[in-house]
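*Asks:* Below is the structure I would like to discuss, written out as structure tokens.
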Amino acid sequence: MTESRGTAAAIALLVSAAIAAAGCGLGPGEGLEDVELTVTRDYGAETLLHESVGGVTEADTVMRALDRNANISTRYGGGFVQSIDGLKGEERGGAPYDWLYYVNGVEATVGAADYPLHGGEAIWWDYRDWSAAIRVPAIVGSWPQPFADGYDGERRPVAVECLGGGTACGMVSGRLEGAGVSVASGSPPQGAIRVLVGPWARLRGDPAAAQIEKGPQTSGVFAEFARRGRGFELHGLDEDGEPARTFAAGAGLVAATRRFEAPPVWVVSGTSAAGVLAAARLLDGADLRDHYAVATEGEEETPLPLQ
């Protein structure tokens, strides 16, 4: 009788301890913040799926989150996605099409099965022709990421660098702070995600921004600033990386790129002060959502690349 009661008490104690441990985050199945899952095609031109995914644990990966919300097939031992809801990676008209994904606006460098979730991420899968740009290292369409929560599971400092941007610099800082992002003052801290604000004539001297002049194969940005007289004009490129539209004077651009393994760099620029200010006004979810980059001409917003 006594032994029986003692055993029961011991079991109850062990159960209570297990529950307490799970509550303290010691268990492998600890719940995490919901993640945002977006699936598109053709550089975000068509949205196929947009879900808030709950029930995420620290044992989950990008692949598992996708698998619970879509019908997928994999390749290379299950580490990479081959198809989502029947749309598969293949050659179409001589062009290679595949599924590529971003976490918090930064291109993943490992297979989805090896990318662990930390909770709160914005995951974006896009099915596209990658012949003009094998890599697009960073995009703007997950705003306010990566500023809000960083990338690779690590928060990063955020710095706004004003290079002749005038009043647009204050607007950019205000938009970031309005999204809950703390903006560093003074010189950019080590490892900061930088936002460069100013006319292209000033920004092009930055090594990361200068990649835009080398085309999308280098920068991942489907836009170019071409010389025109003593200044520049903004061209929008199509999916083949070819100029498809010349924007009027005063055009602006919001784009992101990355140099080697350094943190992403955002460019808020234009052909003039008016263009830089117009670009700064685009820093919100409504204008940037699911776009690789965005150009603006007056009140008109144009996602890039051009279809």
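Ligands are numbered from 1 in the order shown, chains are lettered A, B, ... in the order of the structure tokens, and residues start at 1 in each chain.
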Can you tell me which residues surround Pro264 of chain A at a distance of at most 6 Å, considering only C-alpha atoms, apart from same-chain residues fewer than 2 positions away, and format the answer as an mmCIF file with C-alpha atoms, in the first residue's frame?

*Replies:*
```cif
data_model
loop_
_atom_site.group_PDB
_atom_site.id
_atom_site.type_symbol
_atom_site.label_atom_id
_atom_site.label_comp_id
_atom_site.auth_asym_id
_atom_site.auth_seq_id
_atom_site.Cartn_x
_atom_site.Cartn_y
_atom_site.Cartn_z
ATOM 1 C CA ILE A 193 22.267 45.852 -42.512
ATOM 2 C CA THR A 257 21.752 43.373 -52.954
ATOM 3 C CA ARG A 258 24.530 41.640 -51.092
#
```

*Asks:* Just want the 9 Å neighbourhood of Thr40 of chain A, counted on only C-alpha atoms, with same-chain residues fewer than 3 positions away dropped. Output as an mmCIF file with C-alpha atoms, in the first residue's frame.

*Replies:*
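Contents of the output file selection17.cif:
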```
data_model
loop_
_atom_site.group_PDB
_atom_site.id
_atom_site.type_symbol
_atom_site.label_atom_id
_atom_site.label_comp_id
_atom_site.auth_asym_id
_atom_site.auth_seq_id
_atom_site.Cartn_x
_atom_site.Cartn_y
_atom_site.Cartn_z
ATOM 1 C CA TYR A 43 9.437 37.016 -59.734
ATOM 2 C CA GLY A 44 6.357 37.465 -57.561
ATOM 3 C CA ALA A 45 4.043 38.313 -60.456
ATOM 4 C CA GLU A 46 1.457 35.716 -59.364
ATOM 5 C CA THR A 47 0.714 34.691 -55.780
ATOM 6 C CA LEU A 48 -0.067 30.990 -55.395
ATOM 7 C CA LEU A 49 -0.162 30.728 -51.597
ATOM 8 C CA HIS A 50 -0.011 33.084 -48.652
ATOM 9 C CA TRP A 124 9.061 33.254 -49.665
ATOM 10 C CA TRP A 125 9.238 30.596 -52.379
ATOM 11 C CA ASP A 126 9.334 31.796 -55.992
ATOM 12 C CA TYR A 127 9.274 29.755 -59.204
ATOM 13 C CA ARG A 128 11.217 31.563 -61.909
ATOM 14 C CA ASP A 290 6.301 40.189 -52.926
#
```

*Asks:* If you count only C-alpha atoms, which residues fall within 8 Å of Val35 of chain A, apart from same-chain ones fewer than 6 positions away, as a list in words?

*Replies:*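 In the requested form, the answer reads Ser52, Val53, Gly54, Val56, Gly119, Gly120, Glu121, Ala122 and Ile123 of chain A.
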
*Asks:* Would you write out those residues with C-alpha atoms, as a short mmCIF file (atom, residue, chain, number, x, y, z; two decimals), in the first residue's frame?

*Replies:*
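For reference, out15.cif as written:
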```cif
data_model
loop_
_atom_site.label_atom_id
_atom_site.label_comp_id
_atom_site.auth_asym_id
_atom_site.auth_seq_id
_atom_site.Cartn_x
_atom_site.Cartn_y
_atom_site.Cartn_z
CA SER A 52 0.38 32.28 -41.56
CA VAL A 53 1.80 28.98 -40.36
CA GLY A 54 1.27 28.11 -36.71
CA VAL A 56 6.00 25.77 -35.45
CA GLY A 119 9.97 31.58 -35.25
CA GLY A 120 8.60 34.74 -36.85
CA GLU A 121 10.34 34.31 -40.21
CA ALA A 122 8.94 35.46 -43.55
CA ILE A 123 9.51 32.55 -45.97
#
```

*Asks:* List as a JSON list (two decimals) with C-alpha atoms, in the first residue's frame the protein and nucleic acid residues near segment 97-101 of chain A, meaning an atom at most 10 Å away when only C-alpha atoms are counted, but skip any in the same chain fewer than 4 places from it.

*Replies:*
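So the final result, stored in part.json, reads:
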```json
[["chain", "number", "residue", "atom", "x", "y", "z"],
["A", 38, "THR", "CA", 4.37, 32.94, -49.40],
["A", 39, "VAL", "CA", 4.54, 31.01, -52.68],
["A", 40, "THR", "CA", 4.67, 32.90, -56.00],
["A", 41, "ARG", "CA", 5.86, 32.48, -59.54],
["A", 42, "ASP", "CA", 7.68, 34.63, -62.10],
["A", 62, "VAL", "CA", 11.68, 25.56, -43.97],
["A", 80, "PHE", "CA", 15.67, 20.43, -52.17],
["A", 81, "VAL", "CA", 12.20, 21.14, -53.56],
["A", 82, "GLN", "CA", 11.40, 19.83, -57.02],
["A", 83, "SER", "CA", 7.72, 20.77, -57.25],
["A", 84, "ILE", "CA", 5.03, 22.64, -55.34],
["A", 87, "LEU", "CA", 4.59, 23.05, -60.63],
["A", 88, "LYS", "CA", 8.02, 21.49, -61.07],
["A", 89, "GLY", "CA", 11.52, 22.60, -61.85],
["A", 90, "GLU", "CA", 12.33, 21.97, -65.50],
["A", 91, "GLU", "CA", 13.55, 23.54, -68.72],
["A", 92, "ARG", "CA", 10.90, 25.59, -70.53],
["A", 93, "GLY", "CA", 11.57, 26.97, -73.99],
["A", 105, "GLY", "CA", 14.37, 38.77, -47.65],
["A", 106, "VAL", "CA", 17.73, 37.01, -47.93],
["A", 107, "GLU", "CA", 18.38, 34.22, -50.42],
["A", 108, "ALA", "CA", 19.00, 30.89, -48.69],
["A", 109, "THR", "CA", 22.34, 29.23, -49.33],
["A", 110, "VAL", "CA", 21.37, 25.76, -48.05],
["A", 111, "GLY", "CA", 18.63, 23.30, -48.92],
["A", 112, "ALA", "CA", 15.24, 23.85, -47.30],
["A", 123, "ILE", "CA", 9.51, 32.55, -45.97],
["A", 124, "TRP", "CA", 9.06, 33.25, -49.67],
["A", 125, "TRP", "CA", 9.24, 30.60, -52.38],
["A", 126, "ASP", "CA", 9.33, 31.80, -55.99],
["A", 127, "TYR", "CA", 9.27, 29.76, -59.20],
["A", 128, "ARG", "CA", 11.22, 31.56, -61.91],
["A", 129, "ASP", "CA", 13.54, 31.51, -64.89],
["A", 130, "TRP", "CA", 17.01, 32.00, -63.44],
["A", 131, "SER", "CA", 19.01, 32.23, -66.67],
["A", 135, "ARG", "CA", 21.55, 34.32, -57.73],
["A", 136, "VAL", "CA", 19.39, 37.14, -56.47]]
```

*Asks:* Can you list, as a compact mmCIF listing (two decimals) with C-alpha atoms, in the first residue's frame, all residues belonging to segment 110-220 of chain A that DSSP tags as helix (DSSP H, G or I)?

*Replies:*
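Here's the written file result.txt:
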```
# COMPACT_ATOMS: atom_id res chain seq x y z
CA ALA A 112 15.24 23.85 -47.30
CA ALA A 113 15.57 20.64 -45.27
CA ASP A 114 18.68 22.06 -43.60
CA THR A 167 14.79 64.91 -46.41
CA ALA A 168 14.47 61.36 -47.79
CA CYS A 169 16.97 60.18 -45.15
CA GLY A 170 14.68 61.21 -42.30
CA MET A 171 11.74 59.57 -44.04
CA VAL A 172 13.63 56.28 -44.40
CA SER A 173 14.61 56.29 -40.73
CA GLY A 174 11.03 57.15 -39.80
CA ARG A 175 9.60 54.28 -41.86
CA LEU A 176 12.01 51.83 -40.22
CA GLU A 177 11.28 53.06 -36.72
CA GLY A 178 7.56 52.95 -37.48
CA TRP A 200 22.75 57.34 -57.80
CA ALA A 201 25.66 59.66 -58.60
CA ARG A 202 26.58 59.42 -54.89
CA LEU A 203 25.59 55.82 -54.12
CA ALA A 209 25.67 49.38 -54.54
CA ALA A 210 28.13 49.52 -57.44
CA GLN A 211 27.27 45.91 -58.26
CA ILE A 212 24.03 47.19 -59.81
CA GLU A 213 26.06 48.67 -62.67
CA LYS A 214 27.35 45.16 -63.47
CA PRO A 216 21.53 41.33 -62.47
CA GLN A 217 23.93 38.40 -62.84
CA THR A 218 26.14 40.18 -60.28
CA SER A 219 23.73 42.23 -58.16
```

*Asks:* Which residue out of A:Glu161, A:Asp34, A:Asp67, A:Glu297 has the minimum interatomic distance to Ser272 of chain A when only C-alpha atoms are used?

*Replies:*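 Closest candidate: A:Glu297.
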
*Asks:* Using only C-alpha atoms, can you tell me which of A:Leu253, A:Ala70, A:Leu283, A:Leu117 comes closest to Ala179 of chain A?

*Replies:* A:Leu283

*Asks:* For Gly164 of chain A, which of A:Val268, A:Ala262, A:Val221, A:Ala251 is the closest residue, counting only C-alpha atoms?

*Replies:*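 Selected residue with least distance to Gly164 of chain A: A:Val268.
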
*Asks:* Return the single residue from A:Ala256, A:Ala278, A:Val294, A:Ala249 that is closest to Gly236 of chain A, with distances computed using only C-alpha atoms.

*Replies:*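 The shortest atom-to-atom distance to Gly236 of chain A comes from A:Val294.
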
*Asks:* Hey, what does DSSP flag as strand (DSSP E) within segment 20-188 of chain A? Can you give it to me as a PyMOL selection string?

*Replies:* chain A and resi 35-41+46-53+72-75+80-84+87-88+90-92+95-103+106-107+122-129+158-162+183-184

*Asks:* Tell me which protein, DNA and RNA residues are within 7 Å of Glu239 of chain A, counting only C-alpha atoms, leaving out same-chain ones fewer than 4 positions away, and put them as a list of chain:residue names.

*Replies:* A:Ala132, A:Pro305, A:Leu306, A:Gln307

*Asks:* Export C-alpha atoms of the chosen residues as a PDB file, in the first residue's frame?

*Replies:*
```
ATOM      1  CA  ALA A 132      19.555  36.006 -66.329  1.00  0.00           C
ATOM      2  CA  PRO A 305      11.946  42.819 -63.326  1.00  0.00           C
ATOM      3  CA  LEU A 306       9.444  43.916 -65.954  1.00  0.00           C
ATOM      4  CA  GLN A 307       7.232  41.105 -67.208  1.00  0.00           C
TER       5      GLN A 307
END
```

*Asks:* Any idea what's packed within 8 Å of Leu237 of chain A, counting only C-alpha atoms, ignoring anything in its chain fewer than 2 positions away? Could you give it as a list in words?

*Replies:* Phe222, Ala223, Glu224, His235, Glu239, Asp240, Gly241, Glu242, Pro243, Ala244, Arg245, Leu304, Pro305 and Leu306 of chain A

*Asks:* Write a file of the selected residues as an mmCIF file, in the first residue's frame, keeping C-alpha atoms.

*Replies:*
```cif
data_model
loop_
_atom_site.group_PDB
_atom_site.id
_atom_site.type_symbol
_atom_site.label_atom_id
_atom_site.label_comp_id
_atom_site.auth_asym_id
_atom_site.auth_seq_id
_atom_site.Cartn_x
_atom_site.Cartn_y
_atom_site.Cartn_z
ATOM 1 C CA PHE A 222 16.863 44.131 -62.608
ATOM 2 C CA ALA A 223 17.515 47.845 -63.064
ATOM 3 C CA GLU A 224 20.336 50.017 -64.305
ATOM 4 C CA HIS A 235 16.138 51.723 -66.950
ATOM 5 C CA GLU A 239 13.400 38.832 -66.936
ATOM 6 C CA ASP A 240 16.155 38.306 -69.518
ATOM 7 C CA GLY A 241 18.128 41.175 -68.049
ATOM 8 C CA GLU A 242 17.522 43.411 -71.060
ATOM 9 C CA PRO A 243 16.420 47.090 -70.882
ATOM 10 C CA ALA A 244 12.654 47.196 -71.375
ATOM 11 C CA ARG A 245 11.670 50.649 -70.146
ATOM 12 C CA LEU A 304 11.031 44.754 -61.272
ATOM 13 C CA PRO A 305 11.946 42.819 -63.326
ATOM 14 C CA LEU A 306 9.444 43.916 -65.954
#
```

*Asks:* If I take atom CA of Gly141 of chain A and atom CA of Ser187 of chain A, how far is one from the other in Å, to one decimal?

*Replies:*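 Here the two named atoms are 26.7 Å from each other.
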
*Asks:* Could you please determine the separation between atom CA of Thr302 of chain A and atom CA of Ala248 of chain A in Å, to one decimal place?

*Replies:*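 Interatomic distance here is 12.6 Å.
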
*Asks:* From the list A:Ser73, A:Ser182, A:Gln190, A:Asn104, which residue is nearest Gly150 of chain A when using only C-alpha atoms?

*Replies:* A:Asn104
